[in-house]
Amino acid sequence: MTVSRDNSLAVYQGIKDAGIRFITALPETWLVYLLQLAEDDPDMTLIEVAKEEEAIGIAAGAHFAGQPNLLLMQNHGFLAAINGIVSLAMLYRVPLCMLIAHRGHMGEPYPWHTQGGIVTEPVLRALNIPFDYARDHQTVARQIKEAYTYSLSSLSPVALMLSRDLMED
Amino acid sequence: MKRAKCIEAIYPELQDKLVVTIMGACAQELYDLGHCENFFYLQHAMGLASSIGLGLALNLPQEKVVVLDGDGSVLMNLGTLTTIARYNPPNLVHIIFDNGSLLSTGGFASHTTSGITDLAAIARGAGVQNVAAVSTPMDFIAAAADAFENDGYSVIVAKVEATGPDHFGMDLKLPENAFRFERYIKERKQMRTKLHN
């Protein structure tokens, strides 16, 4: 498995074009180039957390501060962050734009990712979180912008799932 | 030492700062002194008050941010001390009221009871440069004054009694608190820009 540099760049460009200048993240293999791009970009602030639930709090603080921001995480990190999503973001109507690496689904060779991959979409549905899949480097930038816009207008968490088609070569 | 007395002692100092509290007794005791638009009460999501404080502090370098935290909440998100230490916002004051108890959820003993777990030592180990451990009102007031005045991420662990208010309730809906807090920050930013120009 190799992570796509070109498509990571397309995702990063989409993040920049959406006006995002603050990212909260926990490193993950599919996100490695994205995080490098963010780290090397003097216009971007990248905060790496110890566990993903923290990121929900940091994103809420950034939102209160008026800072356009989004979250980058693996789907297992999303699962680890659920109480924060429910009892901070949803409870207080704080928008969250989450880009989630959807590991453990079709084509996944690693057994350890599979259970998380299987339950991610049902959990998103159970939480009533609007989500979409990003599969194509040509449309991902528009999808990021739309996800961000929708999080702000709906005052809700919104998830864009970064798929294998997009993130792997 | 009582937490309510500590909060009362610093209340005048909180007027020009952004304040985030944890749920339950701590939030209620601040609210009962008089709600201000610069106060945000996190009534759930235990552990994330300090993370909200970090998000605020990093994005509003011109503001002083104060988090009123508790031992139970910090224990639920110990990683937060390592994250904040790493990014080290100079404008964040993190007060942890340690009553050794999960007071607002039944009064069960927390891991800090009887000094088994030392939160100040954990903060130092996480890499926080300015850590104070206090157990008297005089020391608390001095440590808070020092942290408010100086730059640098400061953690104050204040040993307090496991007592809280005899009532709970606010005339403030939770999203309303979030909307007003956000608006207050926005207006303050606009005011600062105007003064600057």
# chains A, B, ... in the order shown; residues from 1 in each chain; ligands from 1
call {"tool": "residues_around", "arguments": {"residues": "Phe179 of chain B", "least_positions_apart": "4", "cutoff": "12 Å", "atoms": "only C-alpha atoms", "output": "JSON, numbers by chain"}}
result
{"A": [60, 63, 64, 65, 66, 92, 93, 94, 95, 155], "B": [37, 38, 39, 40, 172, 173, 174, 175, 183, 184, 185, 186]}
call {"tool": "select_by_dssp", "arguments": {"residues": "chain B", "states": "helix (DSSP H, G or I)", "output": "PyMOL selection string"}}
result
chain B and resi 3-14+25-32+49-59+71-76+79-87+103-105+113-115+119-126+137-149+174-196
call {"tool": "write_last_selection", "arguments": {"atoms": "C-alpha atoms", "output": "mmCIF file, in the first residue's frame"}}
result
data_model
loop_
_atom_site.group_PDB
_atom_site.id
_atom_site.type_symbol
_atom_site.label_atom_id
_atom_site.label_comp_id
_atom_site.auth_asym_id
_atom_site.auth_seq_id
_atom_site.Cartn_x
_atom_site.Cartn_y
_atom_site.Cartn_z
ATOM 1 C CA ARG B 3 -13.495 26.084 45.763
ATOM 2 C CA ALA B 4 -16.345 28.614 45.946
ATOM 3 C CA LYS B 5 -14.146 30.939 48.024
ATOM 4 C CA CYS B 6 -11.272 30.584 45.558
ATOM 5 C CA ILE B 7 -13.526 31.433 42.624
ATOM 6 C CA GLU B 8 -14.960 34.371 44.538
ATOM 7 C CA ALA B 9 -11.457 35.657 45.296
ATOM 8 C CA ILE B 10 -10.465 35.745 41.600
ATOM 9 C CA TYR B 11 -13.908 36.722 40.265
ATOM 10 C CA PRO B 12 -13.008 40.413 39.752
ATOM 11 C CA GLU B 13 -9.910 39.316 37.810
ATOM 12 C CA LEU B 14 -12.005 37.156 35.494
ATOM 13 C CA ALA B 25 -20.398 22.581 41.096
ATOM 14 C CA CYS B 26 -17.580 24.605 39.562
ATOM 15 C CA ALA B 27 -19.835 26.073 36.853
ATOM 16 C CA GLN B 28 -22.616 26.783 39.330
ATOM 17 C CA GLU B 29 -20.343 28.546 41.794
ATOM 18 C CA LEU B 30 -19.048 30.878 39.104
ATOM 19 C CA TYR B 31 -22.532 31.481 37.692
ATOM 20 C CA ASP B 32 -23.903 32.290 41.154
ATOM 21 C CA ALA B 49 -12.682 22.302 29.078
ATOM 22 C CA SER B 50 -8.889 22.505 28.894
ATOM 23 C CA SER B 51 -8.963 21.547 25.196
ATOM 24 C CA ILE B 52 -11.442 24.359 24.508
ATOM 25 C CA GLY B 53 -9.099 26.659 26.428
ATOM 26 C CA LEU B 54 -6.214 25.583 24.196
ATOM 27 C CA GLY B 55 -8.227 26.238 21.013
ATOM 28 C CA LEU B 56 -9.134 29.690 22.301
ATOM 29 C CA ALA B 57 -5.664 30.590 23.549
ATOM 30 C CA LEU B 58 -3.891 29.605 20.325
ATOM 31 C CA ASN B 59 -6.289 31.598 18.171
ATOM 32 C CA ASP B 71 -9.441 16.505 39.186
ATOM 33 C CA GLY B 72 -12.154 14.204 37.801
ATOM 34 C CA SER B 73 -12.228 16.022 34.469
ATOM 35 C CA VAL B 74 -8.453 16.188 34.108
ATOM 36 C CA LEU B 75 -8.178 12.477 34.882
ATOM 37 C CA MET B 76 -10.564 11.809 31.986
ATOM 38 C CA GLY B 79 -3.345 13.716 27.466
ATOM 39 C CA THR B 80 -4.523 17.321 27.413
ATOM 40 C CA LEU B 81 -1.635 18.321 29.707
ATOM 41 C CA THR B 82 0.859 16.881 27.230
ATOM 42 C CA THR B 83 -0.812 18.550 24.252
ATOM 43 C CA ILE B 84 -0.980 21.949 25.957
ATOM 44 C CA ALA B 85 2.608 21.611 27.190
ATOM 45 C CA ARG B 86 3.742 20.865 23.621
ATOM 46 C CA TYR B 87 2.068 23.927 22.102
ATOM 47 C CA LEU B 103 -18.504 15.416 43.642
ATOM 48 C CA SER B 104 -21.056 16.323 41.010
ATOM 49 C CA THR B 105 -21.715 12.697 40.113
ATOM 50 C CA THR B 113 -7.826 11.130 47.078
ATOM 51 C CA SER B 114 -5.325 10.861 49.935
ATOM 52 C CA GLY B 115 -2.567 12.046 47.643
ATOM 53 C CA LEU B 119 -1.721 16.093 39.470
ATOM 54 C CA ALA B 120 0.932 18.784 39.903
ATOM 55 C CA ALA B 121 3.641 16.150 39.430
ATOM 56 C CA ILE B 122 1.832 14.851 36.348
ATOM 57 C CA ALA B 123 1.660 18.397 34.936
ATOM 58 C CA ARG B 124 5.396 18.854 35.539
ATOM 59 C CA GLY B 125 6.075 15.475 33.967
ATOM 60 C CA ALA B 126 3.973 16.491 30.976
ATOM 61 C CA PRO B 137 -6.478 30.736 50.115
ATOM 62 C CA MET B 138 -3.449 33.032 50.442
ATOM 63 C CA ASP B 139 -1.290 30.760 48.311
ATOM 64 C CA PHE B 140 -4.085 30.301 45.788
ATOM 65 C CA ILE B 141 -4.613 34.033 45.370
ATOM 66 C CA ALA B 142 -0.868 34.612 45.018
ATOM 67 C CA ALA B 143 -0.474 31.820 42.454
ATOM 68 C CA ALA B 144 -3.464 33.061 40.448
ATOM 69 C CA ALA B 145 -2.224 36.671 40.507
ATOM 70 C CA ASP B 146 1.172 35.485 39.325
ATOM 71 C CA ALA B 147 -0.328 33.423 36.493
ATOM 72 C CA PHE B 148 -2.665 36.242 35.395
ATOM 73 C CA GLU B 149 0.175 38.724 35.304
ATOM 74 C CA LEU B 174 -26.538 25.533 26.624
ATOM 75 C CA PRO B 175 -26.439 26.597 22.933
ATOM 76 C CA GLU B 176 -27.360 30.124 24.043
ATOM 77 C CA ASN B 177 -24.218 30.155 26.186
ATOM 78 C CA ALA B 178 -22.151 29.023 23.182
ATOM 79 C CA PHE B 179 -23.712 31.585 20.800
ATOM 80 C CA ARG B 180 -23.297 34.471 23.234
ATOM 81 C CA PHE B 181 -19.729 33.483 24.110
ATOM 82 C CA GLU B 182 -18.804 33.383 20.420
ATOM 83 C CA ARG B 183 -20.501 36.743 19.796
ATOM 84 C CA TYR B 184 -18.753 38.323 22.783
ATOM 85 C CA ILE B 185 -15.359 37.250 21.406
ATOM 86 C CA LYS B 186 -16.241 38.563 17.954
ATOM 87 C CA GLU B 187 -17.304 41.946 19.329
ATOM 88 C CA ARG B 188 -14.181 42.186 21.457
ATOM 89 C CA LYS B 189 -12.068 41.497 18.379
ATOM 90 C CA GLN B 190 -13.905 44.233 16.456
ATOM 91 C CA MET B 191 -13.433 46.632 19.354
ATOM 92 C CA ARG B 192 -9.712 45.905 19.501
ATOM 93 C CA THR B 193 -9.391 46.447 15.742
ATOM 94 C CA LYS B 194 -11.209 49.782 16.044
ATOM 95 C CA LEU B 195 -9.009 50.914 18.918
ATOM 96 C CA HIS B 196 -5.958 49.893 16.960
#
call {"tool": "select_by_dssp", "arguments": {"residues": "chain A", "states": "strand (DSSP E or B)", "output": "PyMOL selection string"}}
result
chain A and resi 3+22-25+45-48+69-74+96-101+131-134+157-162+168
call {"tool": "write_last_selection", "arguments": {"atoms": "N, CA, C and O atoms", "output": "compact mmCIF listing (two decimals), in the first residue's frame"}}
result
# COMPACT_ATOMS: atom_id res chain seq x y z
N VAL A 3 0.55 5.52 -0.06
CA VAL A 3 -0.35 6.66 0.07
C VAL A 3 -0.10 7.59 -1.12
O VAL A 3 1.05 7.81 -1.52
N PHE A 22 -6.47 26.44 10.23
CA PHE A 22 -6.19 25.80 11.54
C PHE A 22 -6.70 24.37 11.49
O PHE A 22 -7.89 24.13 11.22
N ILE A 23 -5.79 23.42 11.69
CA ILE A 23 -6.14 22.00 11.62
C ILE A 23 -5.79 21.32 12.94
O ILE A 23 -4.70 21.53 13.47
N THR A 24 -6.72 20.54 13.45
CA THR A 24 -6.43 19.71 14.63
C THR A 24 -6.44 18.26 14.14
O THR A 24 -7.36 17.85 13.45
N ALA A 25 -5.42 17.51 14.52
CA ALA A 25 -5.27 16.19 13.91
C ALA A 25 -4.59 15.20 14.84
O ALA A 25 -3.89 15.58 15.78
N THR A 45 -1.81 26.55 10.87
CA THR A 45 -1.47 26.06 12.20
C THR A 45 -1.98 24.63 12.31
O THR A 45 -3.15 24.35 12.05
N LEU A 46 -1.07 23.73 12.67
CA LEU A 46 -1.42 22.32 12.84
C LEU A 46 -1.22 21.93 14.30
O LEU A 46 -0.12 22.09 14.84
N ILE A 47 -2.28 21.46 14.92
CA ILE A 47 -2.18 21.00 16.31
C ILE A 47 -2.40 19.49 16.33
O ILE A 47 -3.45 19.00 15.90
N GLU A 48 -1.40 18.78 16.81
CA GLU A 48 -1.53 17.32 16.91
C GLU A 48 -1.86 16.95 18.35
O GLU A 48 -1.21 17.39 19.28
N ASN A 69 -11.64 26.29 10.77
CA ASN A 69 -10.80 25.14 11.12
C ASN A 69 -11.46 23.84 10.74
O ASN A 69 -12.67 23.78 10.56
N LEU A 70 -10.65 22.79 10.65
CA LEU A 70 -11.22 21.45 10.50
C LEU A 70 -10.37 20.41 11.20
O LEU A 70 -9.28 20.71 11.72
N LEU A 71 -10.91 19.19 11.24
CA LEU A 71 -10.25 18.09 11.94
C LEU A 71 -9.85 17.02 10.95
O LEU A 71 -10.59 16.73 10.02
N LEU A 72 -8.68 16.45 11.18
CA LEU A 72 -8.20 15.33 10.37
C LEU A 72 -7.99 14.15 11.30
O LEU A 72 -7.24 14.26 12.27
N MET A 73 -8.62 13.03 11.00
CA MET A 73 -8.45 11.88 11.88
C MET A 73 -8.77 10.59 11.14
O MET A 73 -9.36 10.59 10.06
N GLN A 74 -8.38 9.49 11.76
CA GLN A 74 -8.77 8.18 11.25
C GLN A 74 -10.15 7.84 11.78
O GLN A 74 -10.58 8.40 12.81
N LEU A 96 -18.63 21.29 13.34
CA LEU A 96 -17.36 20.55 13.23
C LEU A 96 -17.25 20.04 11.81
O LEU A 96 -18.18 19.40 11.32
N CYS A 97 -16.14 20.29 11.18
CA CYS A 97 -15.90 19.72 9.86
C CYS A 97 -14.80 18.66 10.01
O CYS A 97 -13.67 19.00 10.35
N MET A 98 -15.18 17.40 9.82
CA MET A 98 -14.24 16.30 10.08
C MET A 98 -13.87 15.60 8.78
O MET A 98 -14.74 15.12 8.06
N LEU A 99 -12.59 15.56 8.46
CA LEU A 99 -12.12 14.72 7.36
C LEU A 99 -11.61 13.42 7.97
O LEU A 99 -10.67 13.44 8.78
N ILE A 100 -12.24 12.33 7.61
CA ILE A 100 -11.98 11.06 8.29
C ILE A 100 -11.43 10.03 7.31
O ILE A 100 -12.07 9.71 6.30
N ALA A 101 -10.23 9.52 7.61
CA ALA A 101 -9.66 8.44 6.80
C ALA A 101 -10.45 7.17 7.08
O ALA A 101 -10.47 6.68 8.20
N PHE A 131 -22.82 12.91 6.14
CA PHE A 131 -21.49 12.48 5.66
C PHE A 131 -21.53 12.23 4.16
O PHE A 131 -22.59 12.04 3.57
N ASP A 132 -20.33 12.23 3.60
CA ASP A 132 -20.19 11.96 2.18
C ASP A 132 -18.84 11.26 2.01
O ASP A 132 -17.98 11.36 2.88
N TYR A 133 -18.68 10.55 0.88
CA TYR A 133 -17.41 9.90 0.60
C TYR A 133 -16.64 10.69 -0.46
O TYR A 133 -17.23 11.10 -1.47
N ALA A 134 -15.36 10.90 -0.21
CA ALA A 134 -14.51 11.53 -1.23
C ALA A 134 -13.70 10.42 -1.89
O ALA A 134 -12.92 9.73 -1.22
N PRO A 157 -21.92 18.62 13.39
CA PRO A 157 -20.76 17.92 12.85
C PRO A 157 -21.07 17.44 11.44
O PRO A 157 -22.20 17.00 11.18
N VAL A 158 -20.11 17.52 10.55
CA VAL A 158 -20.25 17.00 9.19
C VAL A 158 -18.98 16.21 8.90
O VAL A 158 -17.88 16.64 9.26
N ALA A 159 -19.15 15.03 8.29
CA ALA A 159 -17.98 14.17 8.04
C ALA A 159 -17.78 13.99 6.54
O ALA A 159 -18.72 13.72 5.81
N LEU A 160 -16.53 14.13 6.11
CA LEU A 160 -16.17 13.75 4.75
C LEU A 160 -15.20 12.59 4.87
O LEU A 160 -14.12 12.71 5.45
N MET A 161 -15.61 11.44 4.34
CA MET A 161 -14.83 10.22 4.48
C MET A 161 -13.82 10.13 3.34
O MET A 161 -14.20 10.09 2.16
N LEU A 162 -12.54 10.11 3.70
CA LEU A 162 -11.48 9.98 2.69
C LEU A 162 -11.34 8.48 2.41
O LEU A 162 -10.96 7.70 3.28
N GLU A 168 -5.03 6.06 -1.66
CA GLU A 168 -3.96 5.13 -2.04
C GLU A 168 -3.70 5.20 -3.53
O GLU A 168 -4.62 5.46 -4.31
call {"tool": "atom_distance", "arguments": {"atom1": "atom CA of Gly117 of chain A", "atom2": "atom CA of Trp30 of chain A"}}
result
14.1 Å
call {"tool": "closest_residue", "arguments": {"among": "A:Ile56, A:Val140, A:Val123, A:Ile129", "to": "chain B", "atoms": "only C-alpha atoms"}}
result
A:Ile56
call {"tool": "residues_around", "arguments": {"residues": "Asp98 of chain B", "least_positions_apart": "2", "cutoff": "9 Å", "atoms": "only C-alpha atoms", "output": "short mmCIF file (atom, residue, chain, number, x, y, z; two decimals) with all heavy atoms, in the first residue's frame"}}
result
data_model
loop_
_atom_site.label_atom_id
_atom_site.label_comp_id
_atom_site.auth_asym_id
_atom_site.auth_seq_id
_atom_site.Cartn_x
_atom_site.Cartn_y
_atom_site.Cartn_z
N ARG B 3 -13.59 25.63 47.15
CA ARG B 3 -13.49 26.08 45.76
C ARG B 3 -14.29 27.37 45.54
O ARG B 3 -13.83 28.30 44.87
CB ARG B 3 -13.99 24.98 44.83
CG ARG B 3 -13.91 25.32 43.35
CD ARG B 3 -14.62 24.27 42.52
NE ARG B 3 -15.88 23.97 43.15
CZ ARG B 3 -16.27 22.76 43.53
NH1 ARG B 3 -15.51 21.73 43.29
NH2 ARG B 3 -17.42 22.59 44.15
N ASP B 69 -10.88 23.94 36.02
CA ASP B 69 -10.97 22.51 35.78
C ASP B 69 -11.10 21.76 37.11
O ASP B 69 -11.05 22.38 38.18
CB ASP B 69 -9.69 22.06 35.03
CG ASP B 69 -9.95 20.99 33.99
OD1 ASP B 69 -10.89 20.20 34.19
OD2 ASP B 69 -9.21 20.94 33.00
N GLY B 70 -11.24 20.46 37.06
CA GLY B 70 -11.32 19.66 38.27
C GLY B 70 -10.53 18.38 38.13
O GLY B 70 -10.18 17.99 37.01
N ASP B 71 -10.25 17.72 39.25
CA ASP B 71 -9.44 16.50 39.19
C ASP B 71 -10.12 15.41 38.36
O ASP B 71 -9.49 14.75 37.55
CB ASP B 71 -9.09 15.98 40.58
CG ASP B 71 -10.30 15.84 41.49
OD1 ASP B 71 -11.05 16.83 41.63
OD2 ASP B 71 -10.51 14.76 42.06
N GLY B 72 -11.44 15.24 38.55
CA GLY B 72 -12.15 14.20 37.80
C GLY B 72 -12.09 14.44 36.31
O GLY B 72 -11.85 13.52 35.52
N ILE B 96 -6.79 23.86 38.31
CA ILE B 96 -7.41 22.55 38.56
C ILE B 96 -7.79 22.47 40.03
O ILE B 96 -6.92 22.44 40.91
CB ILE B 96 -6.44 21.39 38.22
CG1 ILE B 96 -5.96 21.50 36.76
CG2 ILE B 96 -7.12 20.04 38.46
CD1 ILE B 96 -4.82 20.55 36.41
N GLY B 100 -10.42 15.65 45.17
CA GLY B 100 -10.28 14.21 45.39
C GLY B 100 -11.58 13.45 45.27
O GLY B 100 -11.75 12.38 45.87
N SER B 101 -12.50 14.03 44.50
CA SER B 101 -13.85 13.46 44.51
C SER B 101 -14.55 13.73 43.19
O SER B 101 -14.32 14.75 42.55
CB SER B 101 -14.64 14.11 45.65
OG SER B 101 -16.02 13.86 45.52
N THR B 112 -7.12 11.02 43.01
CA THR B 112 -6.24 11.95 43.72
C THR B 112 -6.51 11.94 45.23
O THR B 112 -5.80 12.60 45.99
CB THR B 112 -6.43 13.40 43.21
OG1 THR B 112 -7.77 13.82 43.47
CG2 THR B 112 -6.16 13.49 41.72
N THR B 113 -7.51 11.20 45.66
CA THR B 113 -7.83 11.13 47.08
C THR B 113 -6.62 10.63 47.87
O THR B 113 -5.94 9.72 47.44
CB THR B 113 -9.02 10.17 47.31
OG1 THR B 113 -10.07 10.58 46.45
CG2 THR B 113 -9.51 10.23 48.73
N LEU B 119 -1.49 15.44 40.77
CA LEU B 119 -1.72 16.09 39.47
C LEU B 119 -0.64 17.12 39.14
O LEU B 119 -0.29 17.30 37.98
CB LEU B 119 -3.10 16.75 39.44
CG LEU B 119 -4.30 15.80 39.32
CD1 LEU B 119 -5.61 16.57 39.43
CD2 LEU B 119 -4.25 15.02 38.02
N VAL B 157 -2.70 23.70 40.74
CA VAL B 157 -3.48 22.62 41.34
C VAL B 157 -3.85 23.08 42.75
O VAL B 157 -2.98 23.27 43.60
CB VAL B 157 -2.70 21.29 41.38
CG1 VAL B 157 -3.55 20.20 42.03
CG2 VAL B 157 -2.28 20.88 39.97
N ALA B 158 -5.14 23.30 42.97
CA ALA B 158 -5.62 23.84 44.25
C ALA B 158 -6.39 22.75 44.99
O ALA B 158 -7.45 22.31 44.54
CB ALA B 158 -6.50 25.05 44.00
N LYS B 159 -5.84 22.33 46.11
CA LYS B 159 -6.52 21.31 46.94
C LYS B 159 -7.70 21.97 47.64
O LYS B 159 -7.53 22.95 48.37
CB LYS B 159 -5.54 20.77 48.00
CG LYS B 159 -4.59 19.72 47.45
CD LYS B 159 -5.25 18.35 47.41
CE LYS B 159 -4.28 17.29 46.84
NZ LYS B 159 -4.98 16.08 46.41
N VAL B 160 -8.88 21.46 47.39
CA VAL B 160 -10.09 22.04 47.99
C VAL B 160 -10.94 20.95 48.63
O VAL B 160 -10.78 19.76 48.33
CB VAL B 160 -10.93 22.83 46.95
CG1 VAL B 160 -10.19 24.07 46.46
CG2 VAL B 160 -11.33 21.95 45.77
N GLU B 161 -11.86 21.41 49.48
CA GLU B 161 -12.78 20.46 50.13
C GLU B 161 -13.79 19.94 49.10
O GLU B 161 -14.13 20.64 48.14
CB GLU B 161 -13.55 21.17 51.26
CG GLU B 161 -12.69 21.60 52.42
CD GLU B 161 -13.44 22.57 53.34
OE1 GLU B 161 -14.68 22.41 53.48
OE2 GLU B 161 -12.79 23.48 53.87
N ALA B 162 -14.29 18.75 49.37
CA ALA B 162 -15.30 18.16 48.48
C ALA B 162 -16.69 18.65 48.88
O ALA B 162 -17.52 17.90 49.36
CB ALA B 162 -15.21 16.64 48.52
#
call {"tool": "residues_around", "arguments": {"residues": "Glu53 of chain A", "least_positions_apart": "3", "cutoff": "9 Å", "atoms": "only C-alpha atoms", "output": "mmCIF file with C-alpha atoms, in the first residue's frame"}}
result
data_model
loop_
_atom_site.group_PDB
_atom_site.id
_atom_site.type_symbol
_atom_site.label_atom_id
_atom_site.label_comp_id
_atom_site.auth_asym_id
_atom_site.auth_seq_id
_atom_site.Cartn_x
_atom_site.Cartn_y
_atom_site.Cartn_z
ATOM 1 C CA VAL A 49 -3.385 15.817 19.840
ATOM 2 C CA ALA A 50 -2.727 12.843 22.101
ATOM 3 C CA ILE A 56 -13.220 18.227 19.444
ATOM 4 C CA GLY A 57 -12.547 20.626 22.332
ATOM 5 C CA GLY A 77 -10.196 8.309 16.144
ATOM 6 C CA PHE A 78 -13.701 9.414 15.261
ATOM 7 C CA ALA A 80 -12.760 7.545 20.190
ATOM 8 C CA ALA A 81 -14.130 11.104 20.023
ATOM 9 C CA ILE A 82 -17.839 10.371 20.125
ATOM 10 C CA ASN A 83 -18.649 11.702 23.589
ATOM 11 C CA GLY A 84 -17.020 15.006 22.698
ATOM 12 C CA ILE A 85 -18.924 15.132 19.422
ATOM 13 C CA LEU B 48 -12.571 18.931 27.274
ATOM 14 C CA ASN B 77 -8.277 13.645 29.579
#
call {"tool": "closest_residue", "arguments": {"among": "B:His167, B:His44, B:His111, B:His35", "to": "chain A", "atoms": "only C-alpha atoms"}}
result
B:His44
call {"tool": "atom_distance", "arguments": {"atom1": "atom CA of Leu42 of chain B", "atom2": "atom CA of Val20 of chain B"}}
result
7.1 Å
call {"tool": "closest_residue", "arguments": {"among": "B:Asn88, B:Thr136, B:Thr117, B:Ser154", "to": "chain A", "atoms": "only C-alpha atoms"}}
result
B:Asn88
call {"tool": "atom_distance", "arguments": {"atom1": "atom CA of Gly24 of chain B", "atom2": "atom CA of Leu60 of chain B"}}
result
26.8 Å
call {"tool": "residues_around", "arguments": {"residues": "Asn7 of chain A", "least_positions_apart": "3", "cutoff": "7 Å", "atoms": "only C-alpha atoms", "output": "VMD selection string"}}
result
chain A and resid 4 10 to 11 137 166 to 167
call {"tool": "write_last_selection", "arguments": {"atoms": "all heavy atoms", "output": "PDB file, in the first residue's frame"}}
result
ATOM      1  N   SER A   4      -1.154   8.131  -1.686  1.00  0.00           N
ATOM      2  CA  SER A   4      -1.037   8.973  -2.876  1.00  0.00           C
ATOM      3  C   SER A   4      -0.591  10.389  -2.516  1.00  0.00           C
ATOM      4  O   SER A   4      -1.312  11.135  -1.851  1.00  0.00           O
ATOM      5  CB  SER A   4      -2.382   9.023  -3.610  1.00  0.00           C
ATOM      6  OG  SER A   4      -2.310   9.982  -4.644  1.00  0.00           O
ATOM      7  N   ALA A  10      -4.100  17.329  -3.540  1.00  0.00           N
ATOM      8  CA  ALA A  10      -5.420  17.815  -3.969  1.00  0.00           C
ATOM      9  C   ALA A  10      -6.319  18.060  -2.750  1.00  0.00           C
ATOM     10  O   ALA A  10      -7.052  19.060  -2.689  1.00  0.00           O
ATOM     11  CB  ALA A  10      -6.074  16.807  -4.908  1.00  0.00           C
ATOM     12  N   VAL A  11      -6.243  17.168  -1.773  1.00  0.00           N
ATOM     13  CA  VAL A  11      -7.036  17.341  -0.541  1.00  0.00           C
ATOM     14  C   VAL A  11      -6.552  18.588   0.192  1.00  0.00           C
ATOM     15  O   VAL A  11      -7.353  19.425   0.621  1.00  0.00           O
ATOM     16  CB  VAL A  11      -6.917  16.103   0.389  1.00  0.00           C
ATOM     17  CG1 VAL A  11      -7.607  16.358   1.722  1.00  0.00           C
ATOM     18  CG2 VAL A  11      -7.505  14.863  -0.291  1.00  0.00           C
ATOM     19  N   HIS A 137      -9.943  12.722  -6.887  1.00  0.00           N
ATOM     20  CA  HIS A 137      -9.122  13.918  -6.628  1.00  0.00           C
ATOM     21  C   HIS A 137      -9.665  15.160  -7.337  1.00  0.00           C
ATOM     22  O   HIS A 137      -9.358  16.281  -6.970  1.00  0.00           O
ATOM     23  CB  HIS A 137      -7.672  13.656  -7.044  1.00  0.00           C
ATOM     24  CG  HIS A 137      -7.470  13.549  -8.525  1.00  0.00           C
ATOM     25  ND1 HIS A 137      -7.680  12.368  -9.220  1.00  0.00           N
ATOM     26  CD2 HIS A 137      -7.102  14.460  -9.445  1.00  0.00           C
ATOM     27  CE1 HIS A 137      -7.446  12.579 -10.497  1.00  0.00           C
ATOM     28  NE2 HIS A 137      -7.085  13.835 -10.670  1.00  0.00           N
ATOM     29  N   LEU A 166      -9.223   7.349  -3.075  1.00  0.00           N
ATOM     30  CA  LEU A 166      -8.600   8.666  -3.088  1.00  0.00           C
ATOM     31  C   LEU A 166      -7.199   8.636  -2.471  1.00  0.00           C
ATOM     32  O   LEU A 166      -6.275   9.256  -2.998  1.00  0.00           O
ATOM     33  CB  LEU A 166      -9.479   9.658  -2.301  1.00  0.00           C
ATOM     34  CG  LEU A 166      -8.990  11.100  -2.265  1.00  0.00           C
ATOM     35  CD1 LEU A 166      -9.139  11.767  -3.626  1.00  0.00           C
ATOM     36  CD2 LEU A 166      -9.747  11.910  -1.203  1.00  0.00           C
ATOM     37  N   MET A 167      -7.058   7.933  -1.353  1.00  0.00           N
ATOM     38  CA  MET A 167      -5.846   8.096  -0.541  1.00  0.00           C
ATOM     39  C   MET A 167      -4.709   7.145  -0.910  1.00  0.00           C
ATOM     40  O   MET A 167      -3.573   7.360  -0.517  1.00  0.00           O
ATOM     41  CB  MET A 167      -6.175   7.957   0.949  1.00  0.00           C
ATOM     42  CG  MET A 167      -7.157   8.995   1.474  1.00  0.00           C
ATOM     43  SD  MET A 167      -6.786  10.703   0.977  1.00  0.00           S
ATOM     44  CE  MET A 167      -5.264  10.996   1.864  1.00  0.00           C
TER      45      MET A 167
END
call {"tool": "closest_residue", "arguments": {"among": "A:Leu79, A:Leu37, A:Ile144, A:Ala59", "to": "Gly14 of chain A", "atoms": "only C-alpha atoms"}}
result
A:Ile144
